[in-house]
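Undergrad: The structure file input-v8.cif (mmCIF, N, CA and C atoms) is provided below.
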data_final
#
loop_
_atom_site.label_atom_id
_atom_site.label_comp_id
_atom_site.auth_asym_id
_atom_site.auth_seq_id
_atom_site.Cartn_x
_atom_site.Cartn_y
_atom_site.Cartn_z
N MET A 1 3.21 19.49 -5.48
CA MET A 1 4.39 19.04 -4.75
C MET A 1 5.20 18.11 -5.67
N ARG A 2 6.53 18.24 -5.57
CA ARG A 2 7.43 17.43 -6.40
C ARG A 2 8.47 16.76 -5.52
N LEU A 3 9.05 15.70 -6.05
CA LEU A 3 10.15 15.03 -5.36
C LEU A 3 11.42 15.83 -5.61
N ILE A 4 12.23 15.99 -4.54
CA ILE A 4 13.45 16.80 -4.67
C ILE A 4 14.69 16.05 -4.21
N GLY A 5 14.54 14.78 -3.84
CA GLY A 5 15.70 14.01 -3.40
C GLY A 5 16.06 14.22 -1.94
N SER A 6 15.09 14.55 -1.12
CA SER A 6 15.34 14.83 0.30
C SER A 6 15.61 13.55 1.09
N LYS A 7 16.11 13.74 2.28
CA LYS A 7 16.35 12.61 3.19
C LYS A 7 15.04 11.88 3.50
N MET A 8 13.96 12.63 3.70
CA MET A 8 12.65 12.03 3.98
C MET A 8 12.22 11.14 2.81
N GLU A 9 12.40 11.62 1.60
CA GLU A 9 12.05 10.83 0.42
C GLU A 9 12.85 9.54 0.36
N LYS A 10 14.15 9.65 0.64
CA LYS A 10 15.01 8.47 0.63
C LYS A 10 14.55 7.45 1.66
N GLU A 11 14.20 7.91 2.85
CA GLU A 11 13.74 7.01 3.91
C GLU A 11 12.42 6.34 3.52
N PHE A 12 11.50 7.11 2.94
CA PHE A 12 10.24 6.52 2.48
C PHE A 12 10.50 5.49 1.39
N ARG A 13 11.39 5.82 0.46
CA ARG A 13 11.70 4.90 -0.64
C ARG A 13 12.22 3.57 -0.10
N GLU A 14 13.16 3.63 0.84
CA GLU A 14 13.72 2.41 1.43
C GLU A 14 12.64 1.61 2.17
N GLU A 15 11.80 2.30 2.92
CA GLU A 15 10.73 1.65 3.68
C GLU A 15 9.71 0.99 2.74
N LEU A 16 9.31 1.71 1.70
CA LEU A 16 8.33 1.18 0.76
C LEU A 16 8.87 -0.03 0.00
N ILE A 17 10.13 0.03 -0.41
CA ILE A 17 10.74 -1.08 -1.14
C ILE A 17 10.85 -2.30 -0.23
N SER A 18 11.29 -2.09 0.99
CA SER A 18 11.43 -3.19 1.94
C SER A 18 10.08 -3.85 2.22
N SER A 19 9.07 -3.04 2.45
CA SER A 19 7.73 -3.56 2.71
C SER A 19 7.18 -4.30 1.50
N HIS A 20 7.42 -3.75 0.31
CA HIS A 20 6.97 -4.40 -0.92
C HIS A 20 7.61 -5.79 -1.06
N ARG A 21 8.90 -5.87 -0.85
CA ARG A 21 9.60 -7.15 -0.96
C ARG A 21 9.09 -8.15 0.08
N HIS A 22 8.88 -7.66 1.29
CA HIS A 22 8.42 -8.52 2.38
C HIS A 22 7.03 -9.10 2.10
N HIS A 23 6.13 -8.28 1.61
CA HIS A 23 4.75 -8.72 1.42
C HIS A 23 4.46 -9.32 0.04
N PHE A 24 5.17 -8.88 -0.99
CA PHE A 24 4.76 -9.23 -2.34
C PHE A 24 5.78 -9.99 -3.18
N SER A 25 6.91 -10.40 -2.60
CA SER A 25 7.89 -11.15 -3.38
C SER A 25 7.29 -12.50 -3.80
N LYS A 26 7.93 -13.14 -4.76
CA LYS A 26 7.42 -14.44 -5.25
C LYS A 26 7.33 -15.48 -4.15
N ASN A 27 8.23 -15.43 -3.21
CA ASN A 27 8.26 -16.42 -2.13
C ASN A 27 7.41 -16.04 -0.92
N SER A 28 6.81 -14.88 -0.96
CA SER A 28 6.02 -14.41 0.18
C SER A 28 4.72 -15.20 0.31
N ASP A 29 4.39 -15.54 1.53
CA ASP A 29 3.12 -16.21 1.79
C ASP A 29 2.20 -15.33 2.62
N LYS A 30 2.38 -14.03 2.52
CA LYS A 30 1.60 -13.08 3.30
C LYS A 30 0.14 -13.08 2.85
N LYS A 31 -0.74 -12.95 3.81
CA LYS A 31 -2.19 -12.97 3.56
C LYS A 31 -2.60 -11.82 2.65
N LEU A 32 -2.01 -10.64 2.83
CA LEU A 32 -2.37 -9.49 2.00
C LEU A 32 -2.12 -9.80 0.53
N LYS A 33 -1.01 -10.39 0.21
CA LYS A 33 -0.70 -10.75 -1.18
C LYS A 33 -1.77 -11.69 -1.73
N SER A 34 -2.13 -12.69 -0.98
CA SER A 34 -3.16 -13.65 -1.41
C SER A 34 -4.49 -12.96 -1.66
N VAL A 35 -4.87 -12.08 -0.73
CA VAL A 35 -6.15 -11.36 -0.86
C VAL A 35 -6.17 -10.51 -2.13
N LEU A 36 -5.10 -9.78 -2.37
CA LEU A 36 -5.06 -8.93 -3.57
C LEU A 36 -5.10 -9.76 -4.85
N LEU A 37 -4.32 -10.81 -4.90
CA LEU A 37 -4.30 -11.66 -6.10
C LEU A 37 -5.64 -12.36 -6.32
N GLU A 38 -6.26 -12.83 -5.26
CA GLU A 38 -7.57 -13.49 -5.36
C GLU A 38 -8.65 -12.54 -5.87
N ASN A 39 -8.44 -11.26 -5.66
CA ASN A 39 -9.41 -10.25 -6.11
C ASN A 39 -8.95 -9.54 -7.37
N ASN A 40 -8.01 -10.16 -8.08
CA ASN A 40 -7.53 -9.71 -9.40
C ASN A 40 -6.81 -8.37 -9.39
N TYR A 41 -6.09 -8.08 -8.31
CA TYR A 41 -5.24 -6.90 -8.26
C TYR A 41 -3.79 -7.34 -8.40
N SER A 42 -3.05 -6.62 -9.20
CA SER A 42 -1.64 -6.91 -9.38
C SER A 42 -0.87 -6.45 -8.15
N VAL A 43 0.14 -7.21 -7.76
CA VAL A 43 1.00 -6.81 -6.64
C VAL A 43 2.37 -6.34 -7.14
N ASP A 44 2.59 -6.36 -8.45
CA ASP A 44 3.87 -5.95 -9.01
C ASP A 44 4.22 -4.51 -8.63
N ASP A 45 3.24 -3.64 -8.70
CA ASP A 45 3.45 -2.23 -8.36
C ASP A 45 2.51 -1.81 -7.23
N ALA A 46 2.41 -2.67 -6.22
CA ALA A 46 1.60 -2.37 -5.03
C ALA A 46 2.52 -1.94 -3.90
N TYR A 47 2.18 -0.83 -3.26
CA TYR A 47 3.00 -0.31 -2.16
C TYR A 47 2.11 0.02 -0.97
N ILE A 48 2.48 -0.51 0.19
CA ILE A 48 1.71 -0.32 1.41
C ILE A 48 2.02 1.06 1.98
N LEU A 49 0.99 1.91 2.04
CA LEU A 49 1.14 3.25 2.60
C LEU A 49 0.92 3.23 4.10
N ILE A 50 -0.03 2.44 4.53
CA ILE A 50 -0.32 2.29 5.95
C ILE A 50 -0.63 0.82 6.20
N GLY A 51 -0.06 0.27 7.23
CA GLY A 51 -0.35 -1.11 7.61
C GLY A 51 -0.30 -1.24 9.11
N PHE A 52 -1.37 -1.72 9.70
CA PHE A 52 -1.34 -1.95 11.13
C PHE A 52 -2.05 -3.25 11.46
N PRO A 53 -1.25 -4.31 11.50
CA PRO A 53 -1.79 -5.61 11.89
C PRO A 53 -1.90 -5.70 13.41
N ASP A 54 -2.90 -6.40 13.88
CA ASP A 54 -2.99 -6.75 15.29
C ASP A 54 -3.45 -8.19 15.38
N GLU A 55 -3.80 -8.64 16.55
CA GLU A 55 -4.14 -10.05 16.74
C GLU A 55 -5.42 -10.46 16.02
N SER A 56 -6.39 -9.56 15.90
CA SER A 56 -7.67 -9.95 15.33
C SER A 56 -7.87 -9.51 13.88
N GLU A 57 -7.26 -8.40 13.49
CA GLU A 57 -7.43 -7.88 12.13
C GLU A 57 -6.15 -7.25 11.64
N GLU A 58 -6.01 -7.25 10.31
CA GLU A 58 -4.93 -6.50 9.67
C GLU A 58 -5.59 -5.44 8.79
N HIS A 59 -5.16 -4.19 8.95
CA HIS A 59 -5.68 -3.07 8.16
C HIS A 59 -4.55 -2.53 7.29
N TYR A 60 -4.86 -2.30 6.02
CA TYR A 60 -3.85 -1.77 5.10
C TYR A 60 -4.46 -0.72 4.19
N LEU A 61 -3.67 0.25 3.81
CA LEU A 61 -3.96 1.12 2.68
C LEU A 61 -2.84 0.86 1.68
N VAL A 62 -3.22 0.41 0.49
CA VAL A 62 -2.24 -0.04 -0.50
C VAL A 62 -2.42 0.75 -1.79
N LEU A 63 -1.34 1.35 -2.27
CA LEU A 63 -1.36 2.01 -3.57
C LEU A 63 -1.20 0.93 -4.63
N ILE A 64 -2.12 0.89 -5.58
CA ILE A 64 -2.10 -0.12 -6.64
C ILE A 64 -1.76 0.57 -7.96
N ASP A 65 -0.69 0.11 -8.60
CA ASP A 65 -0.26 0.61 -9.92
C ASP A 65 -0.10 2.13 -9.96
N GLY A 66 0.08 2.75 -8.81
CA GLY A 66 0.28 4.20 -8.78
C GLY A 66 -0.96 5.01 -9.07
N SER A 67 -2.12 4.33 -9.19
CA SER A 67 -3.30 5.07 -9.65
C SER A 67 -4.50 5.11 -8.70
N PHE A 68 -4.56 4.19 -7.75
CA PHE A 68 -5.66 4.22 -6.78
C PHE A 68 -5.23 3.49 -5.52
N ILE A 69 -6.01 3.68 -4.47
CA ILE A 69 -5.73 3.10 -3.16
C ILE A 69 -6.77 2.04 -2.85
N LEU A 70 -6.34 0.95 -2.24
CA LEU A 70 -7.27 -0.02 -1.69
C LEU A 70 -7.15 0.00 -0.18
N SER A 71 -8.30 0.07 0.47
CA SER A 71 -8.37 -0.12 1.91
C SER A 71 -8.72 -1.59 2.11
N VAL A 72 -7.87 -2.32 2.81
CA VAL A 72 -8.05 -3.76 2.98
C VAL A 72 -8.07 -4.09 4.48
N VAL A 73 -9.12 -4.80 4.89
CA VAL A 73 -9.21 -5.28 6.26
C VAL A 73 -9.32 -6.80 6.20
N ILE A 74 -8.37 -7.47 6.84
CA ILE A 74 -8.32 -8.94 6.83
C ILE A 74 -8.57 -9.44 8.24
N GLU A 75 -9.60 -10.23 8.40
CA GLU A 75 -9.91 -10.85 9.68
C GLU A 75 -8.91 -11.97 9.93
N MET A 76 -8.29 -11.97 11.10
CA MET A 76 -7.26 -12.96 11.39
C MET A 76 -7.76 -14.13 12.26
N LEU A 77 -8.80 -13.89 13.03
CA LEU A 77 -9.27 -14.92 13.95
C LEU A 77 -10.18 -15.93 13.29
N TYR A 78 -10.95 -15.49 12.30
CA TYR A 78 -11.92 -16.37 11.66
C TYR A 78 -11.62 -16.46 10.17
N GLU A 79 -11.14 -17.61 9.74
CA GLU A 79 -10.74 -17.81 8.34
C GLU A 79 -11.91 -17.66 7.36
N ASN A 80 -13.14 -17.94 7.81
CA ASN A 80 -14.28 -17.92 6.90
C ASN A 80 -14.85 -16.52 6.67
N VAL A 81 -14.31 -15.50 7.32
CA VAL A 81 -14.77 -14.13 7.11
C VAL A 81 -14.01 -13.53 5.94
N ALA A 82 -14.76 -13.08 4.94
CA ALA A 82 -14.14 -12.51 3.74
C ALA A 82 -13.48 -11.16 4.06
N PRO A 83 -12.34 -10.90 3.44
CA PRO A 83 -11.70 -9.60 3.62
C PRO A 83 -12.59 -8.47 3.09
N VAL A 84 -12.47 -7.31 3.69
CA VAL A 84 -13.20 -6.13 3.22
C VAL A 84 -12.23 -5.29 2.40
N ILE A 85 -12.59 -5.05 1.15
CA ILE A 85 -11.75 -4.27 0.25
C ILE A 85 -12.56 -3.10 -0.28
N GLU A 86 -12.04 -1.91 -0.09
CA GLU A 86 -12.72 -0.71 -0.58
C GLU A 86 -11.77 0.08 -1.47
N HIS A 87 -12.28 0.54 -2.58
CA HIS A 87 -11.53 1.34 -3.53
C HIS A 87 -11.58 2.79 -3.07
N VAL A 88 -10.43 3.46 -3.02
CA VAL A 88 -10.33 4.87 -2.64
C VAL A 88 -9.59 5.60 -3.75
N SER A 89 -10.20 6.64 -4.29
CA SER A 89 -9.51 7.40 -5.33
C SER A 89 -8.35 8.18 -4.72
N LEU A 90 -7.38 8.50 -5.56
CA LEU A 90 -6.25 9.30 -5.09
C LEU A 90 -6.73 10.66 -4.58
N GLN A 91 -7.71 11.22 -5.25
CA GLN A 91 -8.25 12.52 -4.85
C GLN A 91 -8.84 12.44 -3.43
N GLU A 92 -9.60 11.38 -3.16
CA GLU A 92 -10.16 11.19 -1.82
C GLU A 92 -9.05 11.02 -0.78
N TYR A 93 -8.07 10.19 -1.10
CA TYR A 93 -6.98 9.91 -0.16
C TYR A 93 -6.19 11.17 0.16
N LYS A 94 -5.99 12.03 -0.82
CA LYS A 94 -5.17 13.23 -0.64
C LYS A 94 -5.84 14.29 0.23
N GLN A 95 -7.16 14.22 0.37
CA GLN A 95 -7.86 15.23 1.16
C GLN A 95 -7.38 15.22 2.60
N GLY A 96 -6.88 16.35 3.04
CA GLY A 96 -6.43 16.50 4.41
C GLY A 96 -5.14 15.76 4.74
N LEU A 97 -4.44 15.28 3.73
CA LEU A 97 -3.22 14.52 3.94
C LEU A 97 -2.09 15.43 4.41
N SER A 98 -1.36 14.99 5.41
CA SER A 98 -0.23 15.78 5.91
C SER A 98 0.86 15.87 4.83
N ARG A 99 1.73 16.83 4.98
CA ARG A 99 2.83 17.00 4.02
C ARG A 99 3.69 15.73 3.96
N MET A 100 3.94 15.13 5.11
CA MET A 100 4.76 13.94 5.16
C MET A 100 4.10 12.78 4.39
N LYS A 101 2.80 12.61 4.57
CA LYS A 101 2.09 11.55 3.85
C LYS A 101 1.98 11.85 2.36
N GLN A 102 1.93 13.14 2.00
CA GLN A 102 1.94 13.51 0.59
C GLN A 102 3.26 13.10 -0.06
N VAL A 103 4.35 13.31 0.66
CA VAL A 103 5.67 12.91 0.15
C VAL A 103 5.72 11.39 0.01
N GLN A 104 5.22 10.67 1.02
CA GLN A 104 5.20 9.21 0.95
C GLN A 104 4.43 8.73 -0.29
N LEU A 105 3.27 9.34 -0.53
CA LEU A 105 2.46 8.97 -1.70
C LEU A 105 3.22 9.25 -3.00
N LEU A 106 3.85 10.40 -3.10
CA LEU A 106 4.62 10.72 -4.31
C LEU A 106 5.75 9.73 -4.54
N VAL A 107 6.44 9.34 -3.48
CA VAL A 107 7.52 8.36 -3.60
C VAL A 107 6.95 7.02 -4.06
N ALA A 108 5.84 6.59 -3.48
CA ALA A 108 5.22 5.33 -3.87
C ALA A 108 4.77 5.37 -5.33
N GLN A 109 4.20 6.49 -5.75
CA GLN A 109 3.80 6.63 -7.16
C GLN A 109 5.02 6.57 -8.07
N ASN A 110 6.10 7.19 -7.65
CA ASN A 110 7.33 7.17 -8.42
C ASN A 110 7.85 5.74 -8.56
N LEU A 111 7.82 5.00 -7.46
CA LEU A 111 8.25 3.60 -7.49
C LEU A 111 7.37 2.76 -8.40
N ALA A 112 6.10 3.08 -8.44
CA ALA A 112 5.17 2.34 -9.27
C ALA A 112 5.25 2.75 -10.74
N GLY A 113 6.09 3.75 -11.03
CA GLY A 113 6.26 4.16 -12.42
C GLY A 113 5.30 5.23 -12.85
N ASN A 114 4.51 5.74 -11.92
CA ASN A 114 3.56 6.79 -12.23
C ASN A 114 4.15 8.08 -11.71
N LYS A 115 4.65 8.91 -12.57
CA LYS A 115 5.40 10.10 -12.18
C LYS A 115 4.52 11.29 -11.84
N THR A 116 3.22 11.11 -11.66
CA THR A 116 2.34 12.25 -11.37
C THR A 116 2.52 12.73 -9.95
#
Please rewrite the model in this file as C-alpha cells.

TA:
Amino acid sequence: MRLIGSKMEKEFREELISSHRHHFSKNSDKKLKSVLLENNYSVDDAYILIGFPDESEEHYLVLIDGSFILSVVIEMLYENVAPVIEHVSLQEYKQGLSRMKQVQLLVAQNLAGNKT
C-alpha cells in the first residue's frame, strides 16, 4: 500500500500532527510524554495511533521513530503504580489491520521520516 494524497490521508496527517503537538511539544506536561522520556524513548518522531484515556487508566499505541509501536498503559488513580510498556513490532501490529488503520500507519511513518 502507498500514499496517494487522498482526503483520508490528509485527515490522518492533520490529526496525527495535532495530537503530536498536544502531547509532545516542549511545553507539554502530558503524562505520556514523561513516561516515554523516563524510559529513554524519543518523542521527536512519536505519533499516537490509538489513545483512549479514561478516569482510571490511559491506554496508547504510539509509533516511535517510524519503526516500532509501544503499547503504553498509565495508571491514573495510583501514582505509585509503574506504567506498563510493551514493544510491538510493525509486523505484529499490521496483522489483521483494517485498510483505514493501514493508511493511518503509513501517514504516521511518513511524518516520522520513514518512507516505508

Undergrad: How many Å separate CA of Asp44 in chain A from CA of Leu111 in chain A?

TA: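 Going from CA of Asp44 in chain A over to CA of Leu111 in chain A, I get 10.6 Å.
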
Undergrad: Among chain A, which ones does DSSP place in strand (DSSP E), written as a ChimeraX atom specification?

TA: /A:46-53,57-64,68-75,84-89

Undergrad: Under the rule that only N, CA and C atoms are counted, which of A:Leu61, A:Ile69, A:Ile4, A:Leu49 is the nearest residue to Leu90 in chain A?

TA: A:Ile69

Undergrad: A:Leu105, A:Arg99, A:Asn39, A:Ala112: which is nearest Glu86 in chain A, counting only C-alpha atoms?

TA: A:Asn39

Undergrad: With the file shown as input, list the residues that the PyMOL selection byres ((chain A and resi 16) around 8) selects, as number ranges by chain.

TA: A: 10-15, 17-22, 46-49, 107-108

Undergrad: To one decimal place, how far is atom C of Leu77 in chain A from atom N of Leu32 in chain A in Å?

TA: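 Atom N of Leu32 in chain A lies 14.3 Å from atom C of Leu77 in chain A.
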
Undergrad: What is the atom C of Asn110 in chain A to atom N of Glu75 in chain A distance in Å?

TA: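 We find that atom C of Asn110 in chain A and atom N of Glu75 in chain A lie 29.1 Å from each other.
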
Undergrad: Restricting the calculation to only C-alpha atoms, which member of A:Lys31, A:Tyr41, A:Ser98, A:Gln109 is positioned closest to Ala82 in chain A?

TA: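 With only C-alpha atoms as the atom set, the closest residue is A:Lys31.
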
Undergrad: Run the PyMOL selection byres (((chain A and resi 84 and name CA) around 8) and name CA) on the file and write out the hits as a PyMOL selection string.

TA: chain A and resi 71-74+82-83+85-86

Undergrad: Could those selected residues go to a file with N, CA and C atoms, as a PDB file, keeping the file's coordinate frame?

TA:
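Output contents, as saved in part_19.pdb:
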ATOM      1  N   SER A  71      -8.300   0.070   0.470  1.00  0.00           N
ATOM      2  CA  SER A  71      -8.370  -0.120   1.910  1.00  0.00           C
ATOM      3  C   SER A  71      -8.720  -1.590   2.110  1.00  0.00           C
ATOM      4  N   VAL A  72      -7.870  -2.320   2.810  1.00  0.00           N
ATOM      5  CA  VAL A  72      -8.050  -3.760   2.980  1.00  0.00           C
ATOM      6  C   VAL A  72      -8.070  -4.090   4.480  1.00  0.00           C
ATOM      7  N   VAL A  73      -9.120  -4.800   4.890  1.00  0.00           N
ATOM      8  CA  VAL A  73      -9.210  -5.280   6.260  1.00  0.00           C
ATOM      9  C   VAL A  73      -9.320  -6.800   6.200  1.00  0.00           C
ATOM     10  N   ILE A  74      -8.370  -7.470   6.840  1.00  0.00           N
ATOM     11  CA  ILE A  74      -8.320  -8.940   6.830  1.00  0.00           C
ATOM     12  C   ILE A  74      -8.570  -9.440   8.240  1.00  0.00           C
ATOM     13  N   ALA A  82     -14.760 -13.080   4.940  1.00  0.00           N
ATOM     14  CA  ALA A  82     -14.140 -12.510   3.740  1.00  0.00           C
ATOM     15  C   ALA A  82     -13.480 -11.160   4.060  1.00  0.00           C
ATOM     16  N   PRO A  83     -12.340 -10.900   3.440  1.00  0.00           N
ATOM     17  CA  PRO A  83     -11.700  -9.600   3.620  1.00  0.00           C
ATOM     18  C   PRO A  83     -12.590  -8.470   3.090  1.00  0.00           C
ATOM     19  N   ILE A  85     -12.590  -5.050   1.150  1.00  0.00           N
ATOM     20  CA  ILE A  85     -11.750  -4.270   0.250  1.00  0.00           C
ATOM     21  C   ILE A  85     -12.560  -3.100  -0.280  1.00  0.00           C
ATOM     22  N   GLU A  86     -12.040  -1.910  -0.090  1.00  0.00           N
ATOM     23  CA  GLU A  86     -12.720  -0.710  -0.580  1.00  0.00           C
ATOM     24  C   GLU A  86     -11.770   0.080  -1.470  1.00  0.00           C
TER      25      GLU A  86
END

Undergrad: Taking the chain letters and numbering used in this document, name the residues of chain A that DSSP puts in helix (DSSP H, G or I), as a ChimeraX atom specification.

TA: /A:7-24,31-38,90-94,99-111

Undergrad: Could you write out that same residue set with N, CA and C atoms as a tab-separated table (two decimals), keeping the file's coordinate frame?

TA:
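Once everything was written out, this is selection-v9.tsv:
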chain	number	residue	atom	x	y	z
A	7	LYS	N	16.11	13.74	2.28
A	7	LYS	CA	16.35	12.61	3.19
A	7	LYS	C	15.04	11.88	3.50
A	8	MET	N	13.96	12.63	3.70
A	8	MET	CA	12.65	12.03	3.98
A	8	MET	C	12.22	11.14	2.81
A	9	GLU	N	12.40	11.62	1.60
A	9	GLU	CA	12.05	10.83	0.42
A	9	GLU	C	12.85	9.54	0.36
A	10	LYS	N	14.15	9.65	0.64
A	10	LYS	CA	15.01	8.47	0.63
A	10	LYS	C	14.55	7.45	1.66
A	11	GLU	N	14.20	7.91	2.85
A	11	GLU	CA	13.74	7.01	3.91
A	11	GLU	C	12.42	6.34	3.52
A	12	PHE	N	11.50	7.11	2.94
A	12	PHE	CA	10.24	6.52	2.48
A	12	PHE	C	10.50	5.49	1.39
A	13	ARG	N	11.39	5.82	0.46
A	13	ARG	CA	11.70	4.90	-0.64
A	13	ARG	C	12.22	3.57	-0.10
A	14	GLU	N	13.16	3.63	0.84
A	14	GLU	CA	13.72	2.41	1.43
A	14	GLU	C	12.64	1.61	2.17
A	15	GLU	N	11.80	2.30	2.92
A	15	GLU	CA	10.73	1.65	3.68
A	15	GLU	C	9.71	0.99	2.74
A	16	LEU	N	9.31	1.71	1.70
A	16	LEU	CA	8.33	1.18	0.76
A	16	LEU	C	8.87	-0.03	0.00
A	17	ILE	N	10.13	0.03	-0.41
A	17	ILE	CA	10.74	-1.08	-1.14
A	17	ILE	C	10.85	-2.30	-0.23
A	18	SER	N	11.29	-2.09	0.99
A	18	SER	CA	11.43	-3.19	1.94
A	18	SER	C	10.08	-3.85	2.22
A	19	SER	N	9.07	-3.04	2.45
A	19	SER	CA	7.73	-3.56	2.71
A	19	SER	C	7.18	-4.30	1.50
A	20	HIS	N	7.42	-3.75	0.31
A	20	HIS	CA	6.97	-4.40	-0.92
A	20	HIS	C	7.61	-5.79	-1.06
A	21	ARG	N	8.90	-5.87	-0.85
A	21	ARG	CA	9.60	-7.15	-0.96
A	21	ARG	C	9.09	-8.15	0.08
A	22	HIS	N	8.88	-7.66	1.29
A	22	HIS	CA	8.42	-8.52	2.38
A	22	HIS	C	7.03	-9.10	2.10
A	23	HIS	N	6.13	-8.28	1.61
A	23	HIS	CA	4.75	-8.72	1.42
A	23	HIS	C	4.46	-9.32	0.04
A	24	PHE	N	5.17	-8.88	-0.99
A	24	PHE	CA	4.76	-9.23	-2.34
A	24	PHE	C	5.78	-9.99	-3.18
A	31	LYS	N	-0.74	-12.95	3.81
A	31	LYS	CA	-2.19	-12.97	3.56
A	31	LYS	C	-2.60	-11.82	2.65
A	32	LEU	N	-2.01	-10.64	2.83
A	32	LEU	CA	-2.37	-9.49	2.00
A	32	LEU	C	-2.12	-9.80	0.53
A	33	LYS	N	-1.01	-10.39	0.21
A	33	LYS	CA	-0.70	-10.75	-1.18
A	33	LYS	C	-1.77	-11.69	-1.73
A	34	SER	N	-2.13	-12.69	-0.98
A	34	SER	CA	-3.16	-13.65	-1.41
A	34	SER	C	-4.49	-12.96	-1.66
A	35	VAL	N	-4.87	-12.08	-0.73
A	35	VAL	CA	-6.15	-11.36	-0.86
A	35	VAL	C	-6.17	-10.51	-2.13
A	36	LEU	N	-5.10	-9.78	-2.37
A	36	LEU	CA	-5.06	-8.93	-3.57
A	36	LEU	C	-5.10	-9.76	-4.85
A	37	LEU	N	-4.32	-10.81	-4.90
A	37	LEU	CA	-4.30	-11.66	-6.10
A	37	LEU	C	-5.64	-12.36	-6.32
A	38	GLU	N	-6.26	-12.83	-5.26
A	38	GLU	CA	-7.57	-13.49	-5.36
A	38	GLU	C	-8.65	-12.54	-5.87
A	90	LEU	N	-7.38	8.50	-5.56
A	90	LEU	CA	-6.25	9.30	-5.09
A	90	LEU	C	-6.73	10.66	-4.58
A	91	GLN	N	-7.71	11.22	-5.25
A	91	GLN	CA	-8.25	12.52	-4.85
A	91	GLN	C	-8.84	12.44	-3.43
A	92	GLU	N	-9.60	11.38	-3.16
A	92	GLU	CA	-10.16	11.19	-1.82
A	92	GLU	C	-9.05	11.02	-0.78
A	93	TYR	N	-8.07	10.19	-1.10
A	93	TYR	CA	-6.98	9.91	-0.16
A	93	TYR	C	-6.19	11.17	0.16
A	94	LYS	N	-5.99	12.03	-0.82
A	94	LYS	CA	-5.17	13.23	-0.64
A	94	LYS	C	-5.84	14.29	0.23
A	99	ARG	N	1.73	16.83	4.98
A	99	ARG	CA	2.83	17.00	4.02
A	99	ARG	C	3.69	15.73	3.96
A	100	MET	N	3.94	15.13	5.11
A	100	MET	CA	4.76	13.94	5.16
A	100	MET	C	4.10	12.78	4.39
A	101	LYS	N	2.80	12.61	4.57
A	101	LYS	CA	2.09	11.55	3.85
A	101	LYS	C	1.98	11.85	2.36
A	102	GLN	N	1.93	13.14	2.00
A	102	GLN	CA	1.94	13.51	0.59
A	102	GLN	C	3.26	13.10	-0.06
A	103	VAL	N	4.35	13.31	0.66
A	103	VAL	CA	5.67	12.91	0.15
A	103	VAL	C	5.72	11.39	0.01
A	104	GLN	N	5.22	10.67	1.02
A	104	GLN	CA	5.20	9.21	0.95
A	104	GLN	C	4.43	8.73	-0.29
A	105	LEU	N	3.27	9.34	-0.53
A	105	LEU	CA	2.46	8.97	-1.70
A	105	LEU	C	3.22	9.25	-3.00
A	106	LEU	N	3.85	10.40	-3.10
A	106	LEU	CA	4.62	10.72	-4.31
A	106	LEU	C	5.75	9.73	-4.54
A	107	VAL	N	6.44	9.34	-3.48
A	107	VAL	CA	7.52	8.36	-3.60
A	107	VAL	C	6.95	7.02	-4.06
A	108	ALA	N	5.84	6.59	-3.48
A	108	ALA	CA	5.22	5.33	-3.87
A	108	ALA	C	4.77	5.37	-5.33
A	109	GLN	N	4.20	6.49	-5.75
A	109	GLN	CA	3.80	6.63	-7.16
A	109	GLN	C	5.02	6.57	-8.07
A	110	ASN	N	6.10	7.19	-7.65
A	110	ASN	CA	7.33	7.17	-8.42
A	110	ASN	C	7.85	5.74	-8.56
A	111	LEU	N	7.82	5.00	-7.46
A	111	LEU	CA	8.25	3.60	-7.49
A	111	LEU	C	7.37	2.76	-8.40

Undergrad: What would the selection look like, as JSON, numbers by chain, if the PyMOL selection byres (((chain A and resi 57 and name CA) around 7) and name CA) were run on the coordinates I just shared?

TA: {"A": [53, 54, 55, 56, 58, 59, 73, 74, 75, 76]}

Undergrad: Which is closer to Ile50 in chain A than all the others in A:Ser89, A:Ser67, A:Asn27, A:Gln104, using only C-alpha atoms?

TA: A:Gln104

Undergrad: Go through A:Met1, A:Gln102, A:Tyr60, A:Phe68 and flag the residue nearest Val88 in chain A, using only N, CA and C atoms for the distances.

TA: A:Phe68

Undergrad: Identify the residues within 6.5 Å of coordinate (0.1, -1.8, -8.6) (same frame as the file), considering only N, CA and C atoms, and give the answer as a list in words.

TA: Ser42, Val43, Asp44, Asp45, Ala46, Tyr47, Leu63, Ile64, Asp65 and Gly66 of chain A
